[in-house]
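*Asks:* Dropping in target.txt, with compact mmCIF, C-alpha atoms.
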# COMPACT_ATOMS: atom_id res chain seq x y z
CA MET A 1 -114.68 -49.30 -7.80
CA PRO A 2 -114.38 -48.01 -11.39
CA ASP A 3 -111.93 -45.18 -10.73
CA CYS A 4 -109.76 -46.97 -8.17
CA LEU A 5 -106.13 -47.46 -9.22
CA PHE A 6 -105.72 -50.62 -7.14
CA CYS A 7 -109.01 -52.13 -8.31
CA LYS A 8 -107.63 -51.66 -11.84
CA ILE A 9 -104.47 -53.53 -10.85
CA VAL A 10 -106.61 -56.36 -9.42
CA ALA A 11 -108.57 -56.43 -12.70
CA GLY A 12 -105.34 -56.57 -14.72
CA GLU A 13 -106.10 -53.25 -16.42
CA ILE A 14 -102.94 -51.63 -15.03
CA PRO A 15 -99.73 -53.65 -14.87
CA ALA A 16 -97.97 -54.43 -11.61
CA THR A 17 -95.10 -56.68 -10.54
CA VAL A 18 -97.09 -59.27 -8.60
CA VAL A 19 -95.10 -61.21 -6.00
CA ALA A 20 -97.91 -63.18 -4.31
CA GLU A 21 -101.62 -63.73 -4.73
CA ASP A 22 -104.50 -65.81 -3.46
CA ASP A 23 -108.28 -65.63 -3.83
CA GLN A 24 -108.57 -62.75 -1.33
CA VAL A 25 -105.45 -60.60 -1.67
CA LEU A 26 -102.81 -59.39 -4.13
CA ALA A 27 -99.20 -58.43 -3.33
CA PHE A 28 -97.11 -56.36 -5.75
CA LYS A 29 -93.98 -54.21 -5.71
CA ASP A 30 -94.33 -50.53 -4.77
CA ILE A 31 -93.42 -48.45 -7.83
CA ASN A 32 -91.55 -45.99 -5.58
CA PRO A 33 -89.65 -48.35 -3.27
CA GLN A 34 -88.32 -47.02 0.02
CA ALA A 35 -86.31 -50.12 0.95
CA PRO A 36 -84.74 -53.11 -0.84
CA VAL A 37 -88.00 -54.95 -0.18
CA HIS A 38 -91.10 -52.76 -0.53
CA VAL A 39 -94.31 -54.56 -1.40
CA LEU A 40 -97.95 -53.53 -1.14
CA VAL A 41 -100.60 -56.05 -0.07
CA ILE A 42 -104.21 -55.20 -0.90
CA PRO A 43 -107.55 -56.95 -0.52
CA LYS A 44 -108.98 -57.74 -3.96
CA ARG A 45 -112.34 -56.53 -2.75
CA HIS A 46 -112.43 -52.73 -2.45
CA ILE A 47 -112.11 -51.56 1.16
CA ALA A 48 -111.33 -47.84 1.31
CA ASN A 49 -109.23 -47.98 4.46
CA THR A 50 -108.93 -49.42 7.93
CA ALA A 51 -111.17 -46.65 9.32
CA THR A 52 -114.13 -47.50 7.08
CA ALA A 53 -113.69 -51.25 7.54
CA THR A 54 -116.40 -53.04 9.50
CA GLU A 55 -116.30 -55.93 11.94
CA SER A 56 -117.07 -58.32 9.09
CA ASP A 57 -113.89 -57.14 7.35
CA GLU A 58 -111.66 -58.15 10.28
CA PRO A 59 -110.74 -61.65 9.00
CA LEU A 60 -109.81 -60.18 5.60
CA ILE A 61 -107.69 -57.45 7.18
CA GLY A 62 -105.96 -60.07 9.33
CA HIS A 63 -105.37 -62.07 6.18
CA VAL A 64 -103.78 -59.04 4.48
CA LEU A 65 -101.34 -58.81 7.40
CA ARG A 66 -100.51 -62.50 7.31
CA MET A 67 -99.87 -62.24 3.58
CA GLY A 68 -97.53 -59.34 4.35
CA CYS A 69 -95.55 -61.72 6.56
CA ARG A 70 -95.55 -64.40 3.86
CA VAL A 71 -94.15 -61.83 1.43
CA ALA A 72 -91.40 -61.00 3.94
CA VAL A 73 -90.53 -64.69 4.31
CA GLU A 74 -90.43 -65.22 0.54
CA ALA A 75 -88.26 -62.09 0.14
CA GLY A 76 -85.84 -63.50 2.73
CA VAL A 77 -86.22 -60.68 5.27
CA ASP A 78 -88.15 -62.49 8.01
CA GLU A 79 -84.96 -63.14 10.03
CA SER A 80 -83.40 -59.71 9.49
CA GLY A 81 -86.71 -58.02 10.15
CA PHE A 82 -89.39 -56.00 8.42
CA ARG A 83 -92.04 -53.35 9.09
CA LEU A 84 -95.74 -53.37 8.19
CA VAL A 85 -97.33 -49.94 7.71
CA LEU A 86 -100.86 -48.70 7.05
CA ASN A 87 -101.44 -45.00 6.33
CA ARG A 88 -104.66 -43.12 6.88
CA GLY A 89 -105.33 -39.48 6.06
CA PRO A 90 -103.22 -36.45 5.10
CA ASP A 91 -100.70 -36.51 7.99
CA SER A 92 -99.71 -40.05 6.95
CA GLY A 93 -99.29 -39.32 3.25
CA GLU A 94 -101.98 -41.83 2.26
CA ALA A 95 -102.10 -41.72 -1.53
CA VAL A 96 -104.56 -44.32 -2.83
CA PRO A 97 -107.96 -44.80 -1.11
CA HIS A 98 -107.95 -48.61 -1.35
CA LEU A 99 -106.64 -50.31 1.78
CA HIS A 100 -102.98 -51.25 1.27
CA LEU A 101 -100.35 -52.61 3.60
CA HIS A 102 -96.73 -51.56 3.05
CA VAL A 103 -94.16 -54.30 3.71
CA LEU A 104 -90.65 -52.85 4.08
CA GLY A 105 -87.44 -54.72 4.73
CA GLY A 106 -83.89 -55.39 3.65
CA ARG A 107 -82.33 -52.47 5.51
CA ARG A 108 -82.30 -51.01 9.01
CA LEU A 109 -85.61 -49.19 9.56
CA ALA A 110 -85.25 -46.13 11.78
CA TRP A 111 -87.45 -45.09 14.70
CA PRO A 112 -89.73 -43.16 14.75
CA PRO A 113 -91.47 -44.61 11.69
CA GLY A 114 -91.76 -41.24 9.96
CA MET B 1 -96.79 -66.01 29.06
CA PRO B 2 -95.21 -65.60 32.52
CA ASP B 3 -92.24 -63.46 31.48
CA CYS B 4 -94.02 -61.32 28.89
CA LEU B 5 -94.13 -57.60 29.69
CA PHE B 6 -97.38 -57.04 27.80
CA CYS B 7 -99.08 -60.09 29.34
CA LYS B 8 -98.23 -58.54 32.71
CA ILE B 9 -99.89 -55.28 31.61
CA VAL B 10 -102.98 -57.25 30.55
CA ALA B 11 -102.97 -58.97 33.96
CA GLY B 12 -102.68 -55.62 35.74
CA GLU B 13 -99.32 -56.56 37.25
CA ILE B 14 -97.55 -53.66 35.52
CA PRO B 15 -99.31 -50.28 35.25
CA ALA B 16 -100.18 -48.69 31.93
CA THR B 17 -102.26 -45.73 30.82
CA VAL B 18 -105.14 -47.60 29.20
CA VAL B 19 -107.09 -45.64 26.59
CA ALA B 20 -109.41 -48.35 25.27
CA GLU B 21 -110.24 -51.97 26.00
CA ASP B 22 -112.66 -54.73 25.11
CA ASP B 23 -112.78 -58.46 25.75
CA GLN B 24 -110.11 -59.19 23.10
CA VAL B 25 -107.69 -56.26 23.06
CA LEU B 26 -106.07 -53.58 25.22
CA ALA B 27 -104.87 -50.13 24.08
CA PHE B 28 -102.46 -48.08 26.18
CA LYS B 29 -100.06 -45.16 25.75
CA ASP B 30 -96.52 -45.91 24.59
CA ILE B 31 -94.13 -44.98 27.40
CA ASN B 32 -91.70 -43.50 24.87
CA PRO B 33 -94.06 -41.57 22.57
CA GLN B 34 -92.86 -40.59 19.11
CA ALA B 35 -95.86 -38.39 18.26
CA PRO B 36 -98.55 -36.42 20.13
CA VAL B 37 -100.71 -39.56 19.85
CA HIS B 38 -98.76 -42.80 20.28
CA VAL B 39 -100.76 -45.76 21.52
CA LEU B 40 -100.06 -49.50 21.46
CA VAL B 41 -102.87 -51.97 20.78
CA ILE B 42 -102.28 -55.58 21.81
CA PRO B 43 -104.34 -58.75 21.81
CA LYS B 44 -104.97 -59.86 25.40
CA ARG B 45 -104.15 -63.42 24.34
CA HIS B 46 -100.41 -63.86 23.79
CA ILE B 47 -99.48 -63.90 20.11
CA ALA B 48 -95.75 -63.47 19.64
CA ASN B 49 -95.95 -61.59 16.35
CA THR B 50 -97.61 -61.40 12.98
CA ALA B 51 -95.17 -63.96 11.59
CA THR B 52 -96.07 -66.69 14.10
CA ALA B 53 -99.80 -65.95 13.86
CA THR B 54 -101.96 -68.62 12.25
CA GLU B 55 -105.01 -68.42 10.00
CA SER B 56 -107.25 -68.77 13.06
CA ASP B 57 -105.67 -65.59 14.48
CA GLU B 58 -106.69 -63.49 11.45
CA PRO B 59 -110.00 -62.18 12.91
CA LEU B 60 -108.20 -61.16 16.11
CA ILE B 61 -105.42 -59.38 14.19
CA GLY B 62 -108.05 -57.60 12.11
CA HIS B 63 -109.74 -56.60 15.34
CA VAL B 64 -106.45 -55.19 16.69
CA LEU B 65 -106.26 -52.99 13.58
CA ARG B 66 -109.83 -51.81 13.86
CA MET B 67 -109.24 -50.95 17.53
CA GLY B 68 -106.21 -48.94 16.36
CA CYS B 69 -108.58 -46.90 14.18
CA ARG B 70 -111.03 -46.48 17.06
CA VAL B 71 -108.18 -45.16 19.19
CA ALA B 72 -107.32 -42.67 16.43
CA VAL B 73 -110.95 -41.49 16.25
CA GLU B 74 -111.17 -41.09 20.02
CA ALA B 75 -107.85 -39.18 20.04
CA GLY B 76 -109.23 -36.83 17.38
CA VAL B 77 -106.66 -37.64 14.69
CA ASP B 78 -108.82 -39.57 12.23
CA GLU B 79 -109.37 -36.50 10.04
CA SER B 80 -105.78 -35.21 10.21
CA GLY B 81 -104.42 -38.71 9.69
CA PHE B 82 -102.51 -41.43 11.47
CA ARG B 83 -100.16 -44.34 10.82
CA LEU B 84 -100.42 -47.96 12.00
CA VAL B 85 -97.11 -49.82 12.36
CA LEU B 86 -96.13 -53.39 13.20
CA ASN B 87 -92.46 -54.25 13.70
CA ARG B 88 -90.89 -57.66 13.26
CA GLY B 89 -87.28 -58.59 13.87
CA PRO B 90 -84.02 -56.71 14.44
CA ASP B 91 -84.10 -54.39 11.40
CA SER B 92 -87.45 -53.01 12.60
CA GLY B 93 -86.41 -52.40 16.20
CA GLU B 94 -89.06 -54.79 17.55
CA ALA B 95 -88.66 -54.64 21.33
CA VAL B 96 -91.35 -56.78 23.00
CA PRO B 97 -92.24 -60.23 21.59
CA HIS B 98 -96.01 -59.85 22.09
CA LEU B 99 -97.83 -58.62 18.99
CA HIS B 100 -98.42 -54.86 19.30
CA LEU B 101 -99.71 -52.29 16.87
CA HIS B 102 -98.32 -48.76 17.07
CA VAL B 103 -100.88 -46.00 16.40
CA LEU B 104 -99.16 -42.67 15.67
CA GLY B 105 -100.83 -39.35 14.91
CA GLY B 106 -101.11 -35.68 15.76
CA ARG B 107 -98.21 -34.54 13.59
CA ARG B 108 -97.00 -34.88 10.01
CA LEU B 109 -95.51 -38.36 9.57
CA ALA B 110 -92.62 -38.44 7.13
CA TRP B 111 -92.00 -40.91 4.31
CA PRO B 112 -90.28 -43.37 4.31
CA PRO B 113 -91.63 -44.74 7.58
CA GLY B 114 -88.17 -45.23 9.12
Take the structure I supplied and represent it as structure tokens, if you would.

*Replies:*
Amino acid sequence: MPDCLFCKIVAGEIPATVVAEDDQVLAFKDINPQAPVHVLVIPKRHIANTATATESDEPLIGHVLRMGCRVAVEAGVDESGFRLVLNRGPDSGEAVPHLHLHVLGGRRLAWPPG
Amino acid sequence: MPDCLFCKIVAGEIPATVVAEDDQVLAFKDINPQAPVHVLVIPKRHIANTATATESDEPLIGHVLRMGCRVAVEAGVDESGFRLVLNRGPDSGEAVPHLHLHVLGGRRLAWPPG
């Protein structure tokens, strides 16, 4: 998608601090971190959000989540714990319309989650 | 899993307010809701958490997420917005070791998410 911020990061047109990558997904640090570990995991292929995803996208979405866990392991927060978050729509504060998973850890995460 | 609370809900041994179901997943109201809409979506098959899930579980995990979106649509919060949350480990407050997706909506959800 030409005007998509995250597609531009995938294409290398906008810099990001990449922490993990494979052929399907990219993981990079959130520029406005809310915890000691705060990484975004996105599919390289443009999917607007979980609500527009189709059944054929399910393996890729599952892969995004598993990569989120791998990021947590590599950041050393898998034992202490971490939270995976997907936002959709105005009430959630969703900012970029390219599916992205927040991985937060490294501190106690309160309940409710916002 | 014999001692798993959520497996017992799937088996009908413990009651729950089911809001959606298919052959793979079950969605039911959280008994301690943190928002006007607060539903849990679980795979019927026992998966401990996202961190123990394997590559072969990815389609099922993706399906759990898509069901979370369907729940949001059916609850009428897809336009206003909603948040999907997965907890793992002590810092996150994870309470039941059977993979479960929180779907929260119906109010403004603050940032950070906990």

*Asks:* For range 6-8 of chain B, list every protein, DNA or RNA residue within 8 Å, evaluated using all atoms listed in the file, and leave out those in the same chain fewer than 5 positions away; present the list as a list in words.

*Replies:*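 Here the answer would be Met1, Glu13, Ile14, Ile42, Lys44, Arg45, His46, Val96 and His98 of chain B.
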
*Asks:* Pull the neighbourhood of (-90.8, -59.9, 9.6) for me: all residues within 10 Å in file coordinates, counting only C-alpha atoms, as a ChimeraX atom specification.

*Replies:* /A:68-73,76-84,103-105 /B:49-52,86-92,94

*Asks:* Return the single residue from B:Val25, B:Ala95, B:Ala35, B:Ile9 that is closest to chain A, with distances computed using only C-alpha atoms.

*Replies:*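 Distance minimum relative to chain A lands on B:Ala35.
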
*Asks:* Considering all atoms listed in the file, return as a VMD selection string whatever protein or nucleic-acid residues lie within 12 Å of Ala16 in chain B, sequence-local ones (same chain, fewer than 2 positions apart) excluded.

*Replies:* chain B and resid 5 to 14 18 to 20 26 to 31 39 to 41

*Asks:* Quote the spacing between CA of Asp22 in chain A and CA of His38 in chain A in Å to one decimal place.

*Replies:* 18.9 Å

*Asks:* Only C-alpha atoms, as a PDB file, in the first residue's frame: that is what I want for range 94-110 of chain B.

*Replies:*
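Once written, decode39.pdb looks like this:
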ATOM      1  CA  GLU B  94      -2.369 -14.483  33.372  1.00  0.00           C
ATOM      2  CA  ALA B  95      -4.812 -16.498  35.473  1.00  0.00           C
ATOM      3  CA  VAL B  96      -5.850 -19.657  33.585  1.00  0.00           C
ATOM      4  CA  PRO B  97      -3.244 -21.727  31.694  1.00  0.00           C
ATOM      5  CA  HIS B  98      -5.469 -22.402  28.661  1.00  0.00           C
ATOM      6  CA  LEU B  99      -4.939 -19.949  25.807  1.00  0.00           C
ATOM      7  CA  HIS B 100      -7.646 -17.259  25.949  1.00  0.00           C
ATOM      8  CA  LEU B 101      -8.125 -14.046  24.048  1.00  0.00           C
ATOM      9  CA  HIS B 102      -9.740 -11.112  25.843  1.00  0.00           C
ATOM     10  CA  VAL B 103     -12.068  -9.007  23.672  1.00  0.00           C
ATOM     11  CA  LEU B 104     -12.808  -5.629  25.298  1.00  0.00           C
ATOM     12  CA  GLY B 105     -15.015  -2.858  23.938  1.00  0.00           C
ATOM     13  CA  GLY B 106     -17.891  -0.505  24.581  1.00  0.00           C
ATOM     14  CA  ARG B 107     -15.829   2.189  26.290  1.00  0.00           C
ATOM     15  CA  ARG B 108     -12.701   4.232  25.663  1.00  0.00           C
ATOM     16  CA  LEU B 109      -9.673   2.004  26.291  1.00  0.00           C
ATOM     17  CA  ALA B 110      -6.708   3.894  27.706  1.00  0.00           C
TER      18      ALA B 110
END
